[in-house]
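Asks: Below is the file upload.cif, with mmCIF, C-alpha atoms, pLDDT in the B column; chains and numbers go by the auth columns.
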```cif
data_structure
loop_
_atom_site.group_PDB
_atom_site.id
_atom_site.type_symbol
_atom_site.label_atom_id
_atom_site.label_comp_id
_atom_site.label_asym_id
_atom_site.label_seq_id
_atom_site.Cartn_x
_atom_site.Cartn_y
_atom_site.Cartn_z
_atom_site.B_iso_or_equiv
_atom_site.auth_seq_id
_atom_site.auth_asym_id
ATOM 1 C CA MET A 1 1.803 6.853 8.844 79.00 597 H
ATOM 2 C CA TYR A 2 2.545 6.375 5.183 82.00 598 H
ATOM 3 C CA CYS A 3 4.572 3.561 3.657 81.00 599 H
ATOM 4 C CA HIS A 4 7.548 5.223 1.986 79.00 600 H
ATOM 5 C CA HIS A 5 7.720 2.417 -0.594 80.00 601 H
ATOM 6 C CA CYS A 6 4.142 2.239 -1.944 82.00 602 H
ATOM 7 C CA GLY A 7 2.493 5.302 -0.356 81.00 603 H
ATOM 8 C CA LYS A 8 -0.307 3.408 1.456 79.00 604 H
ATOM 9 C CA TYR A 9 -1.727 5.178 4.495 79.00 605 H
ATOM 10 C CA ILE A 10 -1.649 3.182 7.733 78.00 606 H
ATOM 11 C CA ASN A 11 -3.732 4.441 10.666 75.00 607 H
ATOM 12 C CA GLU A 12 -1.530 3.523 13.600 71.00 608 H
ATOM 13 C CA HIS A 13 -4.050 4.839 16.142 68.00 609 H
ATOM 14 C CA ALA A 14 -6.661 2.339 14.953 70.00 610 H
ATOM 15 C CA ILE A 15 -4.088 -0.467 15.062 65.00 611 H
ATOM 16 C CA GLU A 16 -2.978 0.448 18.590 66.00 612 H
ATOM 17 C CA ALA A 17 -6.593 0.725 19.745 66.00 613 H
ATOM 18 C CA LYS A 18 -7.195 -2.915 18.821 67.00 614 H
ATOM 19 C CA SER A 19 -4.086 -4.275 20.564 64.00 615 H
ATOM 20 C CA SER A 20 -1.232 -2.228 21.930 62.00 616 H
ATOM 21 C CA SER A 21 2.204 -2.976 20.500 58.00 617 H
ATOM 22 C CA TYR A 22 3.852 -1.855 23.727 56.00 618 H
ATOM 23 C CA SER A 23 2.148 -4.580 25.749 58.00 619 H
ATOM 24 C CA LEU A 24 3.560 -7.290 23.476 57.00 620 H
ATOM 25 C CA THR A 25 7.098 -6.900 24.830 57.00 621 H
ATOM 26 C CA ASP A 26 8.300 -6.806 28.403 55.00 622 H
ATOM 27 C CA GLU A 27 11.253 -4.550 27.630 61.00 623 H
ATOM 28 C CA SER A 28 9.375 -1.499 26.310 56.00 624 H
ATOM 29 C CA ASN A 29 10.471 1.939 27.495 60.00 625 H
ATOM 30 C CA GLU A 30 10.243 5.498 26.219 63.00 626 H
ATOM 31 C CA ASN A 31 12.985 4.858 23.617 63.00 627 H
ATOM 32 C CA THR A 32 11.177 1.890 22.077 61.00 628 H
ATOM 33 C CA THR A 33 10.129 2.491 18.497 66.00 629 H
ATOM 34 C CA VAL A 34 7.209 0.631 16.993 65.00 630 H
ATOM 35 C CA GLN A 35 7.481 -0.344 13.346 72.00 631 H
ATOM 36 C CA TYR A 36 4.600 -1.571 11.256 75.00 632 H
ATOM 37 C CA VAL A 37 4.561 -3.790 8.182 79.00 633 H
ATOM 38 C CA CYS A 38 2.762 -2.392 5.173 79.00 634 H
ATOM 39 C CA PRO A 39 -0.120 -4.708 4.214 74.00 635 H
ATOM 40 C CA GLN A 40 0.208 -3.748 0.553 76.00 636 H
ATOM 41 C CA CYS A 41 3.929 -4.164 -0.147 81.00 637 H
ATOM 42 C CA GLY A 42 5.375 -5.798 2.994 76.00 638 H
ATOM 43 C CA HIS A 43 8.016 -3.141 3.762 78.00 639 H
ATOM 44 C CA LEU A 44 8.646 -1.847 7.265 80.00 640 H
ATOM 45 C CA ILE A 45 7.116 1.528 8.088 77.00 641 H
ATOM 46 C CA LYS A 46 8.989 3.669 10.571 74.00 642 H
ATOM 47 C CA SER A 47 8.412 7.115 11.960 76.00 643 H
ATOM 48 C CA ASN A 48 11.613 9.139 11.463 78.00 644 H
ATOM 49 C CA LEU A 49 12.229 9.268 7.722 79.00 645 H
ATOM 50 C CA ASP A 50 15.460 10.528 6.200 80.00 646 H
ATOM 51 C CA ASN A 51 15.738 12.499 2.938 85.00 647 H
ATOM 52 C CA SER A 52 15.903 9.492 0.616 85.00 648 H
ATOM 53 C CA GLU A 53 12.832 7.927 2.223 84.00 649 H
ATOM 54 C CA ILE A 54 10.904 11.184 1.931 86.00 650 H
ATOM 55 C CA LYS A 55 11.806 11.339 -1.779 88.00 651 H
ATOM 56 C CA SER A 56 10.646 7.738 -2.131 86.00 652 H
ATOM 57 C CA LEU A 57 7.384 8.652 -0.383 86.00 653 H
ATOM 58 C CA SER A 58 6.981 11.593 -2.773 88.00 654 H
ATOM 59 C CA ARG A 59 7.419 9.282 -5.776 89.00 655 H
ATOM 60 C CA ALA A 60 4.920 6.831 -4.300 89.00 656 H
ATOM 61 C CA SER A 61 2.472 9.678 -3.701 90.00 657 H
ATOM 62 C CA HIS A 62 2.728 10.768 -7.322 92.00 658 H
ATOM 63 C CA ALA A 63 2.048 7.167 -8.354 90.00 659 H
ATOM 64 C CA GLN A 64 -1.020 7.111 -6.103 90.00 660 H
ATOM 65 C CA MET A 65 -2.185 10.383 -7.679 93.00 661 H
ATOM 66 C CA GLN A 66 -1.921 8.733 -11.105 94.00 662 H
ATOM 67 C CA ARG A 67 -3.949 5.789 -9.804 92.00 663 H
ATOM 68 C CA SER A 68 -6.611 8.214 -8.586 95.00 664 H
ATOM 69 C CA ARG A 69 -6.713 9.818 -12.051 96.00 665 H
ATOM 70 C CA ASN A 70 -7.158 6.353 -13.587 96.00 666 H
ATOM 71 C CA LEU A 71 -9.929 5.617 -11.076 96.00 667 H
ATOM 72 C CA PHE A 72 -11.605 8.919 -12.018 97.00 668 H
ATOM 73 C CA ALA A 73 -11.415 8.036 -15.718 97.00 669 H
ATOM 74 C CA SER A 74 -12.923 4.586 -15.176 97.00 670 H
ATOM 75 C CA GLY A 75 -15.661 6.088 -12.986 97.00 671 H
ATOM 76 C CA MET A 76 -16.544 8.611 -15.667 97.00 672 H
ATOM 77 C CA GLY A 77 -16.537 5.839 -18.267 97.00 673 H
ATOM 78 C CA PHE A 78 -18.944 3.738 -16.217 97.00 674 H
ATOM 79 C CA ALA A 79 -21.187 6.757 -15.622 97.00 675 H
ATOM 80 C CA VAL A 80 -21.300 7.667 -19.333 97.00 676 H
ATOM 81 C CA ILE A 81 -22.050 4.064 -20.331 97.00 677 H
ATOM 82 C CA GLY A 82 -24.809 4.047 -17.699 97.00 678 H
ATOM 83 C CA VAL A 83 -26.338 7.217 -19.157 97.00 679 H
ATOM 84 C CA ILE A 84 -26.220 5.767 -22.693 98.00 680 H
ATOM 85 C CA ILE A 85 -27.922 2.581 -21.504 97.00 681 H
ATOM 86 C CA PHE A 86 -30.519 4.747 -19.720 97.00 682 H
ATOM 87 C CA VAL A 87 -31.340 6.511 -22.995 97.00 683 H
ATOM 88 C CA ILE A 88 -31.740 3.146 -24.743 97.00 684 H
ATOM 89 C CA ALA A 89 -33.947 1.886 -21.885 97.00 685 H
ATOM 90 C CA THR A 90 -36.105 5.004 -22.202 96.00 686 H
ATOM 91 C CA ILE A 91 -36.510 4.419 -25.935 95.00 687 H
ATOM 92 C CA PHE A 92 -37.608 0.831 -25.303 94.00 688 H
ATOM 93 C CA PHE A 93 -40.029 2.030 -22.608 93.00 689 H
ATOM 94 C CA ILE A 94 -41.575 4.470 -25.072 92.00 690 H
ATOM 95 C CA LEU A 95 -41.823 1.647 -27.645 90.00 691 H
ATOM 96 C CA ALA A 96 -43.690 -0.478 -25.073 90.00 692 H
ATOM 97 C CA ARG A 97 -46.596 2.003 -25.217 87.00 693 H
ATOM 98 C CA LYS A 98 -48.173 0.769 -28.444 83.00 694 H
ATOM 99 C CA PRO A 99 -50.570 2.938 -30.468 81.00 695 H
ATOM 100 C CA SER A 100 -52.804 -0.084 -31.074 81.00 696 H
ATOM 101 C CA ASN A 101 -53.568 -0.099 -27.318 78.00 697 H
ATOM 102 C CA GLN A 102 -54.270 3.667 -27.106 78.00 698 H
ATOM 103 C CA PHE A 103 -50.691 4.210 -25.822 77.00 699 H
ATOM 104 C CA LYS A 104 -51.296 2.200 -22.649 80.00 700 H
ATOM 105 C CA LEU A 105 -48.443 0.235 -21.168 80.00 701 H
ATOM 106 C CA THR A 106 -48.620 -3.437 -22.129 80.00 702 H
ATOM 107 C CA LEU A 107 -46.585 -6.448 -21.106 85.00 703 H
ATOM 108 C CA CYS A 108 -44.420 -7.016 -24.144 89.00 704 H
ATOM 109 C CA ALA A 109 -40.803 -7.684 -25.035 91.00 705 H
ATOM 110 C CA GLU A 110 -39.983 -3.970 -25.208 92.00 706 H
ATOM 111 C CA LEU A 111 -41.082 -3.452 -21.618 93.00 707 H
ATOM 112 C CA TYR A 112 -38.984 -6.369 -20.372 95.00 708 H
ATOM 113 C CA ILE A 113 -35.960 -5.109 -22.292 96.00 709 H
ATOM 114 C CA SER A 114 -36.399 -1.618 -20.854 96.00 710 H
ATOM 115 C CA ILE A 115 -36.568 -2.998 -17.297 96.00 711 H
ATOM 116 C CA ILE A 116 -33.443 -5.101 -17.798 97.00 712 H
ATOM 117 C CA LEU A 117 -31.584 -2.152 -19.338 97.00 713 H
ATOM 118 C CA ALA A 118 -32.693 0.100 -16.461 97.00 714 H
ATOM 119 C CA VAL A 119 -31.222 -2.334 -13.928 97.00 715 H
ATOM 120 C CA ILE A 120 -27.963 -2.537 -15.892 97.00 716 H
ATOM 121 C CA CYS A 121 -27.934 1.268 -16.150 97.00 717 H
ATOM 122 C CA LEU A 122 -28.366 1.594 -12.395 97.00 718 H
ATOM 123 C CA CYS A 123 -25.451 -0.803 -11.762 97.00 719 H
ATOM 124 C CA PHE A 124 -23.149 1.116 -14.106 98.00 720 H
ATOM 125 C CA ILE A 125 -24.057 4.490 -12.634 97.00 721 H
ATOM 126 C CA VAL A 126 -23.577 3.279 -9.044 97.00 722 H
ATOM 127 C CA LEU A 127 -20.202 1.756 -9.937 97.00 723 H
ATOM 128 C CA GLY A 128 -19.194 4.984 -11.659 97.00 724 H
ATOM 129 C CA VAL A 129 -20.189 7.150 -8.697 97.00 725 H
ATOM 130 C CA VAL A 130 -18.352 4.867 -6.253 97.00 726 H
ATOM 131 C CA ASN A 131 -15.180 5.094 -8.358 97.00 727 H
ATOM 132 C CA LEU A 132 -15.523 8.876 -8.594 97.00 728 H
ATOM 133 C CA VAL A 133 -15.898 9.275 -4.831 97.00 729 H
ATOM 134 C CA LYS A 134 -12.926 6.983 -4.143 96.00 730 H
ATOM 135 C CA SER A 135 -10.904 8.954 -6.679 96.00 731 H
ATOM 136 C CA PHE A 136 -11.688 12.295 -5.054 96.00 732 H
ATOM 137 C CA ILE A 137 -10.859 10.994 -1.563 95.00 733 H
ATOM 138 C CA LYS A 138 -7.544 9.510 -2.693 93.00 734 H
ATOM 139 C CA LYS A 139 -6.607 12.614 -4.667 94.00 735 H
ATOM 140 C CA ARG A 140 -7.360 14.929 -1.746 94.00 736 H
ATOM 141 C CA CYS A 141 -5.339 12.789 0.668 90.00 737 H
ATOM 142 C CA TYR A 142 -2.222 12.577 -1.505 91.00 738 H
ATOM 143 C CA THR A 143 -2.441 16.216 -2.630 92.00 739 H
ATOM 144 C CA LYS A 144 -2.345 17.235 1.018 91.00 740 H
ATOM 145 C CA LEU A 145 0.590 14.871 1.636 89.00 741 H
ATOM 146 C CA LEU A 146 2.547 16.252 -1.319 90.00 742 H
ATOM 147 C CA ASP A 147 1.853 19.814 -0.192 89.00 743 H
ATOM 148 C CA ASP A 148 3.220 18.960 3.264 87.00 744 H
ATOM 149 C CA ILE A 149 6.329 17.353 1.734 87.00 745 H
ATOM 150 C CA ASN A 150 6.923 20.335 -0.559 86.00 746 H
ATOM 151 C CA ASP A 151 6.473 22.805 2.302 85.00 747 H
ATOM 152 C CA GLY A 152 8.878 20.824 4.481 81.00 748 H
ATOM 153 C CA ILE A 153 6.359 20.318 7.284 81.00 749 H
ATOM 154 C CA PHE A 154 5.747 16.590 6.794 77.00 750 H
ATOM 155 C CA VAL A 155 6.430 14.585 9.941 73.00 751 H
ATOM 156 C CA GLN A 156 5.649 10.906 10.224 74.00 752 H
#
```
Would you mind writing the file out in structure tokens?

Replies:
Amino acid sequence: MYCHHCGKYINEHAIEAKSSSYSLTDESNENTTVQYVCPQCGHLIKSNLDNSEIKSLSRASHAQMQRSRNLFASGMGFAVIGVIIFVIATIFFILARKPSNQFKLTLCAELYISIILAVICLCFIVLGVVNLVKSFIKKRCYTKLLDDINDGIFVQ
């Protein structure tokens, strides 16, 4: 189920597997509808959406697509900064091999700086890759949702 206000996906099967909503009331029958509260915005999520709620869900999906584009841009930014820091760390590593020591690696300030920059580079690249993966997953999910809405086959 998707929240028609903010577009957040709620997995009702996982919620019902933890504790069944039908066992909470004594008066449940086949006509009982279960509504969930969106954890992100606090609105009620129901299953049979009318036209205005589907349009609202479409707007929320477009907003989520924009958020995924922003997440992609920040991931690429982190990855590029990580690559730049890697180049600087490589330069400092090369500088640590001094010609006065027959180009052997010595414990000096350049080596320590290159190690610190390599750790920072690794953090930036990992953060960038995580943001990129989250962006692709979110974009794929909401592209599929918008395709279903446009084709008229979306059922919640």

Asks: I'd like to see the residues matched by the PyMOL selection byres ((chain H and resi 745) around 12) on this file, and ideally I'd get them as number ranges by chain.

Replies: H: 645, 647, 649-655, 657-658, 738-744, 746-752

Asks: At what distance in Å, to one decimal, does atom CA of Gln660 of chain H lie from atom CA of Ile721 of chain H?

Replies: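 Spanning atom CA of Ile721 of chain H to atom CA of Gln660 of chain H is a straight-line distance of 24.1 Å.
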
Asks: Could you tell me how far atom CA of Val715 of chain H sits from atom CA of Thr702 of chain H, in Å to one decimal place?

Replies: 19.3 Å

Asks: Could you give me, as a PyMOL selection string, the residues that sit within 12 Å of (-32.6, -1.5, -17.0) in the file's coordinates, counting only C-alpha atoms?

Replies: chain H and resi 678-689+706-721

Asks: Report the distance between atom CA of Cys634 of chain H and atom CA of Lys735 of chain H in Å, rounded to one decimal place.

Replies: 20.2 Å

Asks: Would you kindly return, as a list in words, each protein, DNA or RNA residue with an atom no farther than 12 Å from any atom of Lys700 of chain H, considering only C-alpha atoms and excluding same-chain residues fewer than 6 positions away?

Replies: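 Non-adjacent residues within range: Phe689, Ile690, Leu691, Ala692, Arg693, Lys694 and Leu707 of chain H.
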
Asks: For this structure, which residues satisfy the selection - the PyMOL selection byres ((chain H and resi 669) around 12) - when it is evaluated on the file as given? I want them as a list in words.

Replies: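 This file gives the following for the PyMOL selection byres ((chain H and resi 669) around 12): Gln662, Arg663, Ser664, Arg665, Asn666, Leu667, Phe668, Ser670, Gly671, Met672, Gly673, Phe674, Ala675, Val676, Gly724, Val725, Asn727, Leu728, Val729, Lys730, Ser731 and Phe732 of chain H.
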
Asks: Would you compute an axis-aligned box for segment 662-665 of chain H, covering every atom listed for it in the file with 6 Å of margin on each side, and report centre and edge lengths in Å to one decimal as lines of an AutoDock Vina configuration file?

Replies:
```
center_x = -4.3
center_y = 7.8
center_z = -10.3
size_x = 16.8
size_y = 16.0
size_z = 15.5
```

Asks: For Leu640 of chain H, which residue out of H:Cys602, H:Ala610, H:Ile677, H:Met661 is the nearest one, using all atoms listed in the file?

Replies: H:Cys602

Asks: Step by step, work through what the PyMOL selection byres ((chain H and resi 635) around 12) selects in the shown file, and finish by giving those residues as a PDB file with C-alpha atoms, in the coordinates of the input.

Replies:
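Once written, part.pdb looks like this:
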```
ATOM      1  CA  TYR H 598       2.545   6.375   5.183  1.00 82.00           C
ATOM      2  CA  CYS H 599       4.572   3.561   3.657  1.00 81.00           C
ATOM      3  CA  HIS H 601       7.720   2.417  -0.594  1.00 80.00           C
ATOM      4  CA  CYS H 602       4.142   2.239  -1.944  1.00 82.00           C
ATOM      5  CA  GLY H 603       2.493   5.302  -0.356  1.00 81.00           C
ATOM      6  CA  LYS H 604      -0.307   3.408   1.456  1.00 79.00           C
ATOM      7  CA  TYR H 605      -1.727   5.178   4.495  1.00 79.00           C
ATOM      8  CA  ILE H 606      -1.649   3.182   7.733  1.00 78.00           C
ATOM      9  CA  ASN H 607      -3.732   4.441  10.666  1.00 75.00           C
ATOM     10  CA  TYR H 632       4.600  -1.571  11.256  1.00 75.00           C
ATOM     11  CA  VAL H 633       4.561  -3.790   8.182  1.00 79.00           C
ATOM     12  CA  CYS H 634       2.762  -2.392   5.173  1.00 79.00           C
ATOM     13  CA  GLN H 636       0.208  -3.748   0.553  1.00 76.00           C
ATOM     14  CA  CYS H 637       3.929  -4.164  -0.147  1.00 81.00           C
ATOM     15  CA  GLY H 638       5.375  -5.798   2.994  1.00 76.00           C
ATOM     16  CA  HIS H 639       8.016  -3.141   3.762  1.00 78.00           C
ATOM     17  CA  LEU H 640       8.646  -1.847   7.265  1.00 80.00           C
ATOM     18  CA  ILE H 641       7.116   1.528   8.088  1.00 77.00           C
TER      19      ILE H 641
END
```

Asks: Output requested as an mmCIF file, in the coordinates of the input - segment 692-722 of chain H, filled out with N, CA and C atoms.

Replies:
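Writing done, so here's rebuild-v8.cif:
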```cif
data_model
loop_
_atom_site.group_PDB
_atom_site.id
_atom_site.type_symbol
_atom_site.label_atom_id
_atom_site.label_comp_id
_atom_site.auth_asym_id
_atom_site.auth_seq_id
_atom_site.Cartn_x
_atom_site.Cartn_y
_atom_site.Cartn_z
ATOM 1 N N ALA H 692 -42.767 0.456 -25.718
ATOM 2 C CA ALA H 692 -43.690 -0.478 -25.073
ATOM 3 C C ALA H 692 -45.108 0.081 -25.035
ATOM 4 N N ARG H 693 -45.265 1.378 -25.180
ATOM 5 C CA ARG H 693 -46.596 2.003 -25.217
ATOM 6 C C ARG H 693 -47.070 2.014 -26.664
ATOM 7 N N LYS H 694 -47.773 0.993 -27.046
ATOM 8 C CA LYS H 694 -48.173 0.769 -28.444
ATOM 9 C C LYS H 694 -49.402 1.606 -28.818
ATOM 10 N N PRO H 695 -49.399 2.151 -30.031
ATOM 11 C CA PRO H 695 -50.570 2.938 -30.468
ATOM 12 C C PRO H 695 -51.820 2.075 -30.659
ATOM 13 N N SER H 696 -51.630 0.789 -30.895
ATOM 14 C CA SER H 696 -52.804 -0.084 -31.074
ATOM 15 C C SER H 696 -53.553 -0.277 -29.762
ATOM 16 N N ASN H 697 -52.938 0.008 -28.635
ATOM 17 C CA ASN H 697 -53.568 -0.099 -27.318
ATOM 18 C C ASN H 697 -53.859 1.277 -26.730
ATOM 19 N N GLN H 698 -54.030 2.286 -27.525
ATOM 20 C CA GLN H 698 -54.270 3.667 -27.106
ATOM 21 C C GLN H 698 -53.143 4.178 -26.183
ATOM 22 N N PHE H 699 -51.913 3.794 -26.519
ATOM 23 C CA PHE H 699 -50.691 4.210 -25.822
ATOM 24 C C PHE H 699 -50.672 3.821 -24.343
ATOM 25 N N LYS H 700 -51.356 2.732 -24.004
ATOM 26 C CA LYS H 700 -51.296 2.200 -22.649
ATOM 27 C C LYS H 700 -50.119 1.235 -22.568
ATOM 28 N N LEU H 701 -49.590 1.102 -21.390
ATOM 29 C CA LEU H 701 -48.443 0.235 -21.168
ATOM 30 C C LEU H 701 -48.896 -1.222 -21.182
ATOM 31 N N THR H 702 -48.263 -2.028 -22.025
ATOM 32 C CA THR H 702 -48.620 -3.437 -22.129
ATOM 33 C C THR H 702 -47.401 -4.292 -21.794
ATOM 34 N N LEU H 703 -47.671 -5.511 -21.385
ATOM 35 C CA LEU H 703 -46.585 -6.448 -21.106
ATOM 36 C C LEU H 703 -46.110 -7.034 -22.427
ATOM 37 N N CYS H 704 -44.970 -6.555 -22.883
ATOM 38 C CA CYS H 704 -44.420 -7.016 -24.144
ATOM 39 C C CYS H 704 -42.893 -7.083 -24.005
ATOM 40 N N ALA H 705 -42.259 -7.519 -25.068
ATOM 41 C CA ALA H 705 -40.803 -7.684 -25.035
ATOM 42 C C ALA H 705 -40.079 -6.359 -24.820
ATOM 43 N N GLU H 706 -40.620 -5.278 -25.368
ATOM 44 C CA GLU H 706 -39.983 -3.970 -25.208
ATOM 45 C C GLU H 706 -39.950 -3.523 -23.747
ATOM 46 N N LEU H 707 -41.037 -3.826 -23.024
ATOM 47 C CA LEU H 707 -41.082 -3.452 -21.618
ATOM 48 C C LEU H 707 -40.051 -4.251 -20.816
ATOM 49 N N TYR H 708 -39.964 -5.541 -21.080
ATOM 50 C CA TYR H 708 -38.984 -6.369 -20.372
ATOM 51 C C TYR H 708 -37.555 -5.923 -20.676
ATOM 52 N N ILE H 709 -37.297 -5.589 -21.923
ATOM 53 C CA ILE H 709 -35.960 -5.109 -22.292
ATOM 54 C C ILE H 709 -35.655 -3.793 -21.595
ATOM 55 N N SER H 710 -36.636 -2.902 -21.515
ATOM 56 C CA SER H 710 -36.399 -1.618 -20.854
ATOM 57 C C SER H 710 -36.138 -1.801 -19.358
ATOM 58 N N ILE H 711 -36.806 -2.736 -18.720
ATOM 59 C CA ILE H 711 -36.568 -2.998 -17.297
ATOM 60 C C ILE H 711 -35.170 -3.573 -17.084
ATOM 61 N N ILE H 712 -34.785 -4.519 -17.916
ATOM 62 C CA ILE H 712 -33.443 -5.101 -17.798
ATOM 63 C C ILE H 712 -32.361 -4.050 -18.034
ATOM 64 N N LEU H 713 -32.557 -3.210 -19.057
ATOM 65 C CA LEU H 713 -31.584 -2.152 -19.338
ATOM 66 C C LEU H 713 -31.543 -1.114 -18.220
ATOM 67 N N ALA H 714 -32.676 -0.851 -17.578
ATOM 68 C CA ALA H 714 -32.693 0.100 -16.461
ATOM 69 C C ALA H 714 -31.899 -0.435 -15.271
ATOM 70 N N VAL H 715 -31.994 -1.732 -15.019
ATOM 71 C CA VAL H 715 -31.222 -2.334 -13.928
ATOM 72 C C VAL H 715 -29.729 -2.281 -14.241
ATOM 73 N N ILE H 716 -29.366 -2.604 -15.476
ATOM 74 C CA ILE H 716 -27.963 -2.537 -15.892
ATOM 75 C C ILE H 716 -27.454 -1.097 -15.803
ATOM 76 N N CYS H 717 -28.289 -0.155 -16.226
ATOM 77 C CA CYS H 717 -27.934 1.268 -16.150
ATOM 78 C C CYS H 717 -27.678 1.684 -14.709
ATOM 79 N N LEU H 718 -28.533 1.256 -13.803
ATOM 80 C CA LEU H 718 -28.366 1.594 -12.395
ATOM 81 C C LEU H 718 -27.054 1.034 -11.850
ATOM 82 N N CYS H 719 -26.714 -0.198 -12.219
ATOM 83 C CA CYS H 719 -25.451 -0.803 -11.762
ATOM 84 C C CYS H 719 -24.251 -0.010 -12.278
ATOM 85 N N PHE H 720 -24.264 0.358 -13.535
ATOM 86 C CA PHE H 720 -23.149 1.116 -14.106
ATOM 87 C C PHE H 720 -23.010 2.491 -13.451
ATOM 88 N N ILE H 721 -24.126 3.153 -13.231
ATOM 89 C CA ILE H 721 -24.057 4.490 -12.634
ATOM 90 C C ILE H 721 -23.573 4.417 -11.182
ATOM 91 N N VAL H 722 -24.043 3.434 -10.428
ATOM 92 C CA VAL H 722 -23.577 3.279 -9.044
ATOM 93 C C VAL H 722 -22.085 2.970 -9.009
#
```
